[in-house]
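What follows is one structure encoded as structure tokens, with my remarks underneath.
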Amino acid sequence: MKRRFFLTTGLAIIGSLSMANLQEPPAKVKIKTSAICEMCKERIEKKLAFTKGVSESNLDLKDKVVTVTFNPKKTDATKIKQAINDAGYDADETIANEKSYEKLPSCCKKDGEPMKN
């Protein structure tokens with residue numbers, strides 16, 4: 001009787017561990033940013049590295065687009081854009097957090113453009 005219980009329990013645990021490995025594949029999103037220089041790239045990629053669910057990010061400064069790989073069960077494009085805004089940068093149609101933007105070095109600010117609210 002005890003053997004059957006342990007065998008059944010063991011199989012149930014193994015089965016649930018196997019199911020945990022069948023995770024949803026990662027998603028990717030491309031987001032246009034207001035990044036200008038290498039410091040912007042570093043700042044955005046670092047912020048995204050500490051964003052829950054984000055596994056990888058790469059900002060192409062030539063076209064100012066960041067490609068983000070993420071776990072869709074843990075985050076989404078809206079939260080990723082918010083993280084970029086919180087770093088002081090625009091993300092697609094969303095505007096940078098004003099306080100964060102003001103803290104950016106002058107080389108990272110949009111060519112003297114005033115913040116749009």
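Letters A, B, ... go to the chains of the structure tokens in the order shown; residues in each chain start at 1; ligands are counted from 1 in the same order.
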
- Message: Show me, as a PyMOL selection string, the residues that have an atom within 9 Å of Glu102 of chain A when counting only C-alpha atoms, minus same-chain residues fewer than 5 positions from it.
- Response: chain A and resi 88+97+109

Grab the residues selected above and save them as a PDB file, in the first residue's frame with N, CA and C atoms.
ATOM      1  N   GLY A  88      13.550  57.316 -19.278  1.00  0.00           N
ATOM      2  CA  GLY A  88      13.669  58.670 -19.805  1.00  0.00           C
ATOM      3  C   GLY A  88      13.525  58.792 -21.309  1.00  0.00           C
ATOM      4  N   ASN A  97       9.015  59.464 -19.306  1.00  0.00           N
ATOM      5  CA  ASN A  97       8.728  60.015 -17.986  1.00  0.00           C
ATOM      6  C   ASN A  97       9.512  61.317 -17.855  1.00  0.00           C
ATOM      7  N   LYS A 109      19.422  63.828 -24.742  1.00  0.00           N
ATOM      8  CA  LYS A 109      18.138  64.519 -24.902  1.00  0.00           C
ATOM      9  C   LYS A 109      17.889  64.811 -26.375  1.00  0.00           C
TER      10      LYS A 109
END

- Message: Report as a VMD selection string all protein, DNA and RNA residues lying within 10 Å of Lys46 of chain A, evaluated on only C-alpha atoms, omitting residues in the same chain fewer than 6 positions from it.
- Response: chain A and resid 40 57 87

- Long-range neighbours of segment 66-80 of chain A as a PyMOL selection string, 8 Å cut-off, only C-alpha atoms, 5 positions minimum in chain: chain A and resi 24-33+48+51-60

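Distance-wise, atom CA of Met39 of chain A and atom CA of Lys99 of chain A end up 17.9 Å apart.
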
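Distance check against Ala49 of chain A using only C-alpha atoms: of A:Ala83, A:Ala35, A:Ile95, A:Cys108, the minimum falls on A:Ala83.
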
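Here atom CA of Tyr89 of chain A stands at a distance of 14.7 Å from atom CA of Asp63 of chain A.
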
- Message: One decimal, in Å: what's the spacing between atom CA of Leu61 of chain A and atom CA of Glu93 of chain A?
- Response: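 Between atom CA of Leu61 of chain A and atom CA of Glu93 of chain A the gap is 18.1 Å.
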
- Task: Pull the strand (DSSP E or B) assignments for segment 41-108 of chain A out of DSSP run on the backbone, and list those residues as a ChimeraX atom specification.
- Result: /A:54-60,65-70,91,94
